[in-house]
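Source file: coords-v1.cif (mmCIF, C-alpha atoms)
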```cif
data_final
#
loop_
_atom_site.group_PDB
_atom_site.id
_atom_site.type_symbol
_atom_site.label_atom_id
_atom_site.label_comp_id
_atom_site.auth_asym_id
_atom_site.auth_seq_id
_atom_site.Cartn_x
_atom_site.Cartn_y
_atom_site.Cartn_z
ATOM 1 C CA MET A 1 2.509 38.185 -43.484
ATOM 2 C CA ASN A 2 -1.133 37.410 -44.191
ATOM 3 C CA ARG A 3 -3.556 36.051 -41.576
ATOM 4 C CA GLN A 4 -3.562 32.464 -42.923
ATOM 5 C CA MET A 5 0.246 32.228 -42.776
ATOM 6 C CA LYS A 6 0.268 33.590 -39.187
ATOM 7 C CA THR A 7 -2.334 30.987 -38.164
ATOM 8 C CA SER A 8 -0.327 28.178 -39.812
ATOM 9 C CA ALA A 9 2.893 29.360 -38.175
ATOM 10 C CA SER A 10 1.189 29.520 -34.758
ATOM 11 C CA PHE A 11 -0.241 26.036 -35.243
ATOM 12 C CA LEU A 12 3.168 24.610 -36.191
ATOM 13 C CA LEU A 13 4.814 26.297 -33.189
ATOM 14 C CA ILE A 14 2.211 24.860 -30.774
ATOM 15 C CA LEU A 15 2.463 21.423 -32.383
ATOM 16 C CA SER A 16 6.260 21.378 -32.099
ATOM 17 C CA LEU A 17 6.094 22.451 -28.430
ATOM 18 C CA LEU A 18 3.608 19.677 -27.688
ATOM 19 C CA LEU A 19 5.691 17.062 -29.475
ATOM 20 C CA GLY A 20 8.819 18.292 -27.713
ATOM 21 C CA SER A 21 7.198 18.002 -24.297
ATOM 22 C CA CYS A 22 6.047 14.461 -25.080
ATOM 23 C CA SER A 23 9.556 13.374 -25.989
ATOM 24 C CA SER A 24 11.310 15.288 -23.187
ATOM 25 C CA GLY A 25 12.090 12.090 -21.309
ATOM 26 C CA ALA A 26 9.243 12.460 -18.829
ATOM 27 C CA VAL A 27 8.190 9.005 -17.666
ATOM 28 C CA SER A 28 4.545 8.233 -17.076
ATOM 29 C CA PRO A 29 3.796 6.999 -13.575
ATOM 30 C CA GLY A 30 2.478 3.566 -12.772
ATOM 31 C CA ARG A 31 0.064 2.498 -10.064
ATOM 32 C CA ILE A 32 0.337 0.386 -6.944
ATOM 33 C CA GLU A 33 -2.496 -1.570 -5.379
ATOM 34 C CA VAL A 34 -2.040 -2.754 -1.798
ATOM 35 C CA ARG A 35 -4.248 -5.461 -0.318
ATOM 36 C CA ILE A 36 -4.349 -6.977 3.175
ATOM 37 C CA THR A 37 -4.842 -10.629 4.089
ATOM 38 C CA ASP A 38 -4.533 -12.465 7.396
ATOM 39 C CA HIS A 39 -2.477 -15.558 7.995
ATOM 40 C CA ARG A 40 -4.556 -18.141 9.860
ATOM 41 C CA GLU A 41 -3.114 -18.264 13.368
ATOM 42 C CA ALA A 42 -4.843 -16.752 16.420
ATOM 43 C CA ILE A 43 -7.416 -14.968 14.270
ATOM 44 C CA GLY A 44 -9.512 -18.120 14.779
ATOM 45 C CA ASP A 45 -10.153 -16.851 18.330
ATOM 46 C CA PHE A 46 -12.078 -13.861 16.906
ATOM 47 C CA ASP A 47 -15.545 -13.262 15.485
ATOM 48 C CA ARG A 48 -14.314 -9.820 14.447
ATOM 49 C CA LEU A 49 -11.000 -7.956 14.624
ATOM 50 C CA ASP A 50 -11.110 -4.494 13.080
ATOM 51 C CA ILE A 51 -7.849 -2.670 12.461
ATOM 52 C CA THR A 52 -7.437 0.966 11.490
ATOM 53 C CA ILE A 53 -4.676 1.646 8.972
ATOM 54 C CA GLU A 54 -3.170 5.105 9.253
ATOM 55 C CA ARG A 55 -0.464 5.033 6.555
ATOM 56 C CA ILE A 56 1.098 2.829 3.923
ATOM 57 C CA GLY A 57 4.594 3.573 2.688
ATOM 58 C CA VAL A 58 6.798 2.335 -0.132
ATOM 59 C CA HIS A 59 10.575 2.631 -0.254
ATOM 60 C CA PRO A 60 12.538 3.457 -3.425
ATOM 61 C CA ALA A 61 15.389 0.976 -3.880
ATOM 62 C CA SER A 62 17.822 3.828 -4.566
ATOM 63 C CA ALA A 63 17.159 5.599 -1.237
ATOM 64 C CA ALA A 64 19.021 5.108 2.046
ATOM 65 C CA ARG A 65 17.345 2.554 4.307
ATOM 66 C CA THR A 66 15.702 5.076 6.664
ATOM 67 C CA GLU A 67 15.066 7.805 4.090
ATOM 68 C CA GLY A 68 12.992 8.343 0.987
ATOM 69 C CA TRP A 69 9.763 6.630 2.073
ATOM 70 C CA ILE A 70 6.715 7.646 0.053
ATOM 71 C CA ASP A 71 3.695 7.590 2.373
ATOM 72 C CA PHE A 72 0.031 7.349 1.404
ATOM 73 C CA GLU A 73 -3.201 7.570 3.342
ATOM 74 C CA PRO A 74 -5.216 4.424 2.675
ATOM 75 C CA ASP A 75 -8.327 4.531 0.506
ATOM 76 C CA THR A 76 -9.927 2.110 2.977
ATOM 77 C CA ALA A 77 -8.651 2.535 6.533
ATOM 78 C CA GLY A 78 -10.737 -0.125 8.287
ATOM 79 C CA VAL A 79 -10.292 -3.862 7.729
ATOM 80 C CA ASP A 80 -11.880 -6.771 9.627
ATOM 81 C CA LEU A 81 -9.067 -9.326 9.691
ATOM 82 C CA ALA A 82 -11.536 -12.137 10.407
ATOM 83 C CA GLN A 83 -12.941 -11.562 6.894
ATOM 84 C CA VAL A 84 -9.660 -11.771 4.943
ATOM 85 C CA LEU A 85 -8.593 -15.375 5.454
ATOM 86 C CA ASP A 86 -7.966 -18.231 3.010
ATOM 87 C CA SER A 87 -6.710 -16.134 0.071
ATOM 88 C CA ARG A 88 -9.346 -13.422 0.531
ATOM 89 C CA THR A 89 -7.977 -9.896 0.561
ATOM 90 C CA ALA A 90 -9.154 -6.358 1.250
ATOM 91 C CA ALA A 91 -7.972 -3.570 -1.046
ATOM 92 C CA VAL A 92 -6.717 -0.682 1.072
ATOM 93 C CA LEU A 93 -4.801 1.498 -1.387
ATOM 94 C CA GLU A 94 -4.569 2.250 -5.067
ATOM 95 C CA ALA A 95 -2.230 5.123 -5.822
ATOM 96 C CA GLU A 96 -0.063 6.605 -8.533
ATOM 97 C CA LEU A 97 3.638 5.933 -8.044
ATOM 98 C CA PRO A 98 6.648 7.056 -10.083
ATOM 99 C CA ALA A 99 7.987 4.336 -12.337
ATOM 100 C CA GLY A 100 11.055 2.703 -10.832
ATOM 101 C CA GLU A 101 12.413 0.077 -8.471
ATOM 102 C CA TYR A 102 11.184 -0.286 -4.886
ATOM 103 C CA ASP A 103 12.363 -2.629 -2.153
ATOM 104 C CA ALA A 104 9.965 -2.449 0.818
ATOM 105 C CA VAL A 105 6.497 -1.571 2.063
ATOM 106 C CA ARG A 106 5.612 -0.179 5.470
ATOM 107 C CA LEU A 107 2.288 -0.405 7.263
ATOM 108 C CA HIS A 108 1.218 1.807 10.145
ATOM 109 C CA VAL A 109 -1.788 0.395 11.991
ATOM 110 C CA ALA A 110 -3.195 2.858 14.525
ATOM 111 C CA SER A 111 -5.202 0.350 16.552
ATOM 112 C CA GLY A 112 -7.298 -2.775 16.581
ATOM 113 C CA ALA A 113 -10.458 -3.856 18.420
ATOM 114 C CA GLY A 114 -12.434 -7.032 18.246
ATOM 115 C CA ASP A 115 -14.812 -9.572 19.692
ATOM 116 C CA LEU A 116 -13.486 -12.942 20.763
ATOM 117 C CA LYS A 117 -15.642 -16.013 20.159
ATOM 118 C CA THR A 118 -15.928 -16.222 23.972
ATOM 119 C CA GLY A 119 -17.803 -12.893 23.932
ATOM 120 C CA GLU A 120 -14.922 -10.889 25.395
ATOM 121 C CA VAL A 121 -14.091 -7.538 23.765
ATOM 122 C CA VAL A 122 -10.369 -6.897 23.290
ATOM 123 C CA THR A 123 -8.146 -4.133 21.994
ATOM 124 C CA VAL A 124 -4.917 -4.718 20.128
ATOM 125 C CA SER A 125 -2.026 -2.265 20.090
ATOM 126 C CA GLY A 126 -1.165 -0.544 16.865
ATOM 127 C CA PHE A 127 2.191 -0.963 15.165
ATOM 128 C CA GLU A 128 4.415 0.339 12.401
ATOM 129 C CA GLN A 129 6.449 -2.264 10.551
ATOM 130 C CA ALA A 130 8.258 -2.513 7.251
ATOM 131 C CA VAL A 131 8.880 -5.641 5.234
ATOM 132 C CA ARG A 132 11.240 -6.244 2.336
ATOM 133 C CA VAL A 133 9.470 -6.882 -0.965
ATOM 134 C CA PRO A 134 11.338 -5.938 -4.163
ATOM 135 C CA PHE A 135 9.117 -4.770 -7.012
ATOM 136 C CA VAL A 136 9.252 -2.634 -10.138
ATOM 137 C CA VAL A 137 6.619 -0.103 -11.127
ATOM 138 C CA HIS A 138 6.323 0.317 -14.888
ATOM 139 C CA ALA A 139 4.770 3.320 -16.603
ATOM 140 C CA ASP A 140 1.024 2.945 -17.119
ATOM 141 C CA ALA A 141 0.924 -0.444 -15.303
ATOM 142 C CA VAL A 142 -0.461 -1.632 -11.956
ATOM 143 C CA VAL A 143 1.600 -3.593 -9.421
ATOM 144 C CA GLY A 144 -0.273 -5.497 -6.734
ATOM 145 C CA ILE A 145 1.241 -6.002 -3.287
ATOM 146 C CA VAL A 146 -0.415 -8.300 -0.736
ATOM 147 C CA ILE A 147 0.573 -7.721 2.897
ATOM 148 C CA ASP A 148 -0.046 -10.813 5.012
ATOM 149 C CA LEU A 149 -0.702 -9.997 8.658
ATOM 150 C CA VAL A 150 -0.608 -12.452 11.523
ATOM 151 C CA VAL A 151 -2.538 -12.171 14.783
ATOM 152 C CA GLU A 152 -0.641 -13.886 17.576
ATOM 153 C CA SER A 153 -1.856 -14.858 21.030
ATOM 154 C CA GLU A 154 0.309 -13.584 23.872
ATOM 155 C CA ASP A 155 -1.458 -15.752 26.481
ATOM 156 C CA ASP A 156 1.835 -17.373 27.425
ATOM 157 C CA HIS A 157 3.379 -13.939 28.159
ATOM 158 C CA PRO A 158 2.777 -11.720 31.209
ATOM 159 C CA GLY A 159 -0.291 -9.595 30.540
ATOM 160 C CA GLY A 160 -1.528 -11.890 27.761
ATOM 161 C CA GLY A 161 -3.583 -10.385 24.951
ATOM 162 C CA TYR A 162 -2.988 -10.365 21.223
ATOM 163 C CA GLU A 163 -0.446 -8.808 18.912
ATOM 164 C CA ILE A 164 -0.513 -8.130 15.168
ATOM 165 C CA ASN A 165 2.590 -8.265 12.976
ATOM 166 C CA ILE A 166 3.456 -8.407 9.302
ATOM 167 C CA LEU A 167 4.200 -11.983 8.348
ATOM 168 C CA ASN A 168 5.313 -11.136 4.802
ATOM 169 C CA ALA A 169 4.428 -9.252 1.645
ATOM 170 C CA VAL A 170 4.361 -10.539 -1.917
ATOM 171 C CA VAL A 171 3.976 -9.092 -5.376
ATOM 172 C CA ASP A 172 0.694 -10.298 -6.797
#
```
Let me see the structure of the file written as structure tokens.
Amino acid sequence: MNRQMKTSASFLLILSLLLGSCSSGAVSPGRIEVRITDHREAIGDFDRLDITIERIGVHPASAARTEGWIDFEPDTAGVDLAQVLDSRTAAVLEAELPAGEYDAVRLHVASGAGDLKTGEVVTVSGFEQAVRVPFVVHADAVVGIVIDLVVESEDDHPGGGYEINILNAVVD
């Protein structure tokens, strides 16, 4: 076989392998973007309330309720909840995610600290909570999820203070 025929045969072999791998059924991943907002409740007591996000998880719809979570470290771990009111949001994560159906997000906040309008400095306990929010990630597309937090006053409870919880999450 002459050199030109060998080169052509090699080229055709490489081309067929590449085409075969493209049509092998592999699905391109999509992307998820998670943003945080704060529901206007007791946040009005604060000049500043910084939270530190440790992890964000998403749950595949096909997995058992307590299994299968896909956890991510946030791109932006610190958020001042006093700055994300009235439809303003803070982007905390943009990550690649396998295409498919998901049914929940989970947020792990390590801690919170802030300044009340009275001048008092307070700390807020961290939490880990999940909330149901069905969504579908399509190949090569971005799905936005907005997690709405609520700061609640515990002044009518022994010990007082403030608590943060997830109010809801929506696909944006």
*So which residues are close to (-1.5, -5.3, -3.3), meaning at most 9 Å away in the file's coordinates with only C-alpha atoms counted, and can you show them as a list in words?*
Ile32, Glu33, Val34, Arg35, Ile36, Thr89, Ala90, Ala91, Val92, Leu93, Glu94, Val143, Gly144, Ile145, Val146, Ile147, Ala169, Val170, Val171 and Asp172 of chain A
Residues returned when the PyMOL selection byres ((chain A and resi 79) around 6) runs on this file, as a PDB file with C-alpha atoms, in the coordinates of the input:
```
ATOM      1  CA  ASP A  50     -11.110  -4.494  13.080  1.00  0.00           C
ATOM      2  CA  ILE A  51      -7.849  -2.670  12.461  1.00  0.00           C
ATOM      3  CA  GLY A  78     -10.737  -0.125   8.287  1.00  0.00           C
ATOM      4  CA  ASP A  80     -11.880  -6.771   9.627  1.00  0.00           C
ATOM      5  CA  LEU A  81      -9.067  -9.326   9.691  1.00  0.00           C
TER       6      LEU A  81
END
```
*Write out as a list in words each polymer residue whose atoms come within 12 Å of Gly160 (chain A), counting all atoms listed in the file; drop sequence neighbours fewer than 4 positions from it.*
Val122, Thr123, Val124, Glu152, Ser153, Glu154, Asp155 and Asp156 of chain A
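Those residues that approach region 95-100 of chain A to within 6 Å, counting only C-alpha atoms, are Pro29, Gly30, Arg31, Ile32, Val136, Val137, His138 and Ala139 of chain A; same-chain residues fewer than 2 positions away are not listed.
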*Between CA of Tyr102 (chain A) and CA of Ile70 (chain A), distance in Å (one decimal)*: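 Interatomic distance here is 10.4 Å.
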*Select, from A:Val131, A:Ala141, A:Ile166, A:Leu107, the residue with the minimum atom-to-atom distance to Ile56 (chain A), counting all atoms listed in the file.*
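Closest candidate: A:Leu107.
Atom pair CA of Val27 (chain A) / CA of Ala104 (chain A): separated by 21.8 Å.
Among the candidates A:Asp103, A:Pro60, A:Thr76, A:Leu116, the one nearest to Phe135 (chain A) when counting all atoms listed in the file is A:Asp103.
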*Apply the PyMOL selection byres ((chain A and resi 46) around 9) to the file shown and report the selected residues as a PyMOL selection string.*
chain A and resi 42-45+47-49+82+114-118
*Surrounding residues of Leu167 (chain A) excluding itself and chain neighbours under 6 positions, 8 Å, all atoms listed in the file, as a PyMOL selection string*: chain A and resi 39+147-150
Draw an axis-aligned box tight on the listed atoms of region 126-140 of chain A, then pad every side by 4 Å and write out centre and edge lengths in Å to one decimal as JSON.
```
{"center_x": 5.1, "center_y": -1.8, "center_z": -0.1, "size_x": 20.5, "size_y": 18.2, "size_z": 42.0}
```
_Considering only C-alpha atoms, can you say which of A:Ala63, A:Glu54, A:Ile164, A:Arg106 comes closest to Gln129 (chain A)?_
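For Gln129 (chain A), the nearest of the given residues is A:Arg106.
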_For a quick check of understanding, using all atoms listed in the file, which of A:Ala61, A:Gly68, A:Arg55, A:Val133 has the smallest distance to His108 (chain A)?_
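Checking each of A:Ala61, A:Gly68, A:Arg55, A:Val133 against His108 (chain A), counting all atoms listed in the file, the winner is A:Arg55.
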*asked:* Between CA of Thr66 (chain A) and CA of Arg132 (chain A), what distance in Å does the model show, to one decimal?
replied: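 So the answer is 12.9 Å.
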*To verify the selection step, state as a PyMOL selection string which residues the PyMOL selection byres ((chain A and resi 86) around 9) yields on this input.*
chain A and resi 37-40+84-85+87-89
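Distances here use all atoms listed in the file; by that measure, the residue among A:Phe72, A:Gln83, A:Gly112, A:Asn165 closest to Val151 (chain A) is A:Asn165.
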_Residue among A:Pro134, A:Glu163, A:Glu128, A:Glu101 lying closest to Ser62 (chain A), counting all atoms listed in the file_ =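 So, comparing all the options, the nearest one is A:Glu101.
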*asked:* Show me, as a ChimeraX atom specification, the residues that have an atom within 6 Å of Thr52 (chain A) when counting all atoms listed in the file, minus same-chain residues fewer than 5 positions from it.
replied: /A:77-78,109-111
Just to be explicit: take each residue in the selection above, keep C-alpha atoms, and write the result as a short mmCIF file (atom, residue, chain, number, x, y, z; two decimals), in the frame of the given file.
```cif
data_model
loop_
_atom_site.label_atom_id
_atom_site.label_comp_id
_atom_site.auth_asym_id
_atom_site.auth_seq_id
_atom_site.Cartn_x
_atom_site.Cartn_y
_atom_site.Cartn_z
CA ALA A 77 -8.65 2.54 6.53
CA GLY A 78 -10.74 -0.12 8.29
CA VAL A 109 -1.79 0.40 11.99
CA ALA A 110 -3.20 2.86 14.52
CA SER A 111 -5.20 0.35 16.55
#
```
Complete region 32-51 of chain A at the level of N, CA and C atoms, written as a short mmCIF file (atom, residue, chain, number, x, y, z; two decimals), in the frame of the given file.
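Result saved to part.cif:
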```cif
data_model
loop_
_atom_site.label_atom_id
_atom_site.label_comp_id
_atom_site.auth_asym_id
_atom_site.auth_seq_id
_atom_site.Cartn_x
_atom_site.Cartn_y
_atom_site.Cartn_z
N ILE A 32 0.16 1.46 -7.90
CA ILE A 32 0.34 0.39 -6.94
C ILE A 32 -1.01 0.11 -6.29
N GLU A 33 -1.29 -1.17 -6.10
CA GLU A 33 -2.50 -1.57 -5.38
C GLU A 33 -2.06 -2.44 -4.21
N VAL A 34 -2.41 -2.01 -3.00
CA VAL A 34 -2.04 -2.75 -1.80
C VAL A 34 -3.29 -3.41 -1.22
N ARG A 35 -3.15 -4.70 -0.92
CA ARG A 35 -4.25 -5.46 -0.32
C ARG A 35 -3.74 -6.12 0.96
N ILE A 36 -4.66 -6.37 1.89
CA ILE A 36 -4.35 -6.98 3.18
C ILE A 36 -5.00 -8.35 3.23
N THR A 37 -4.28 -9.32 3.80
CA THR A 37 -4.84 -10.63 4.09
C THR A 37 -4.36 -11.01 5.48
N ASP A 38 -4.95 -12.04 6.06
CA ASP A 38 -4.53 -12.46 7.40
C ASP A 38 -4.16 -13.94 7.39
N HIS A 39 -2.98 -14.19 7.87
CA HIS A 39 -2.48 -15.56 8.00
C HIS A 39 -3.24 -16.25 9.12
N ARG A 40 -3.75 -17.43 8.85
CA ARG A 40 -4.56 -18.14 9.86
C ARG A 40 -3.65 -18.57 11.02
N GLU A 41 -3.83 -17.92 12.14
CA GLU A 41 -3.11 -18.26 13.37
C GLU A 41 -4.11 -18.02 14.49
N ALA A 42 -3.92 -17.01 15.31
CA ALA A 42 -4.84 -16.75 16.42
C ALA A 42 -6.10 -16.02 15.99
N ILE A 43 -6.20 -15.65 14.73
CA ILE A 43 -7.42 -14.97 14.27
C ILE A 43 -8.63 -15.88 14.44
N GLY A 44 -8.42 -17.18 14.55
CA GLY A 44 -9.51 -18.12 14.78
C GLY A 44 -10.19 -17.92 16.12
N ASP A 45 -9.55 -17.17 17.03
CA ASP A 45 -10.15 -16.85 18.33
C ASP A 45 -11.22 -15.76 18.21
N PHE A 46 -11.26 -15.06 17.05
CA PHE A 46 -12.08 -13.86 16.91
C PHE A 46 -13.30 -14.09 16.02
N ASP A 47 -14.40 -13.43 16.39
CA ASP A 47 -15.54 -13.26 15.48
C ASP A 47 -15.29 -12.06 14.59
N ARG A 48 -14.59 -11.07 15.17
CA ARG A 48 -14.31 -9.82 14.45
C ARG A 48 -13.06 -9.21 15.04
N LEU A 49 -12.17 -8.71 14.17
CA LEU A 49 -11.00 -7.96 14.62
C LEU A 49 -10.75 -6.84 13.62
N ASP A 50 -11.24 -5.66 13.96
CA ASP A 50 -11.11 -4.49 13.08
C ASP A 50 -9.81 -3.76 13.36
N ILE A 51 -9.05 -3.49 12.32
CA ILE A 51 -7.85 -2.67 12.46
C ILE A 51 -8.07 -1.37 11.71
#
```
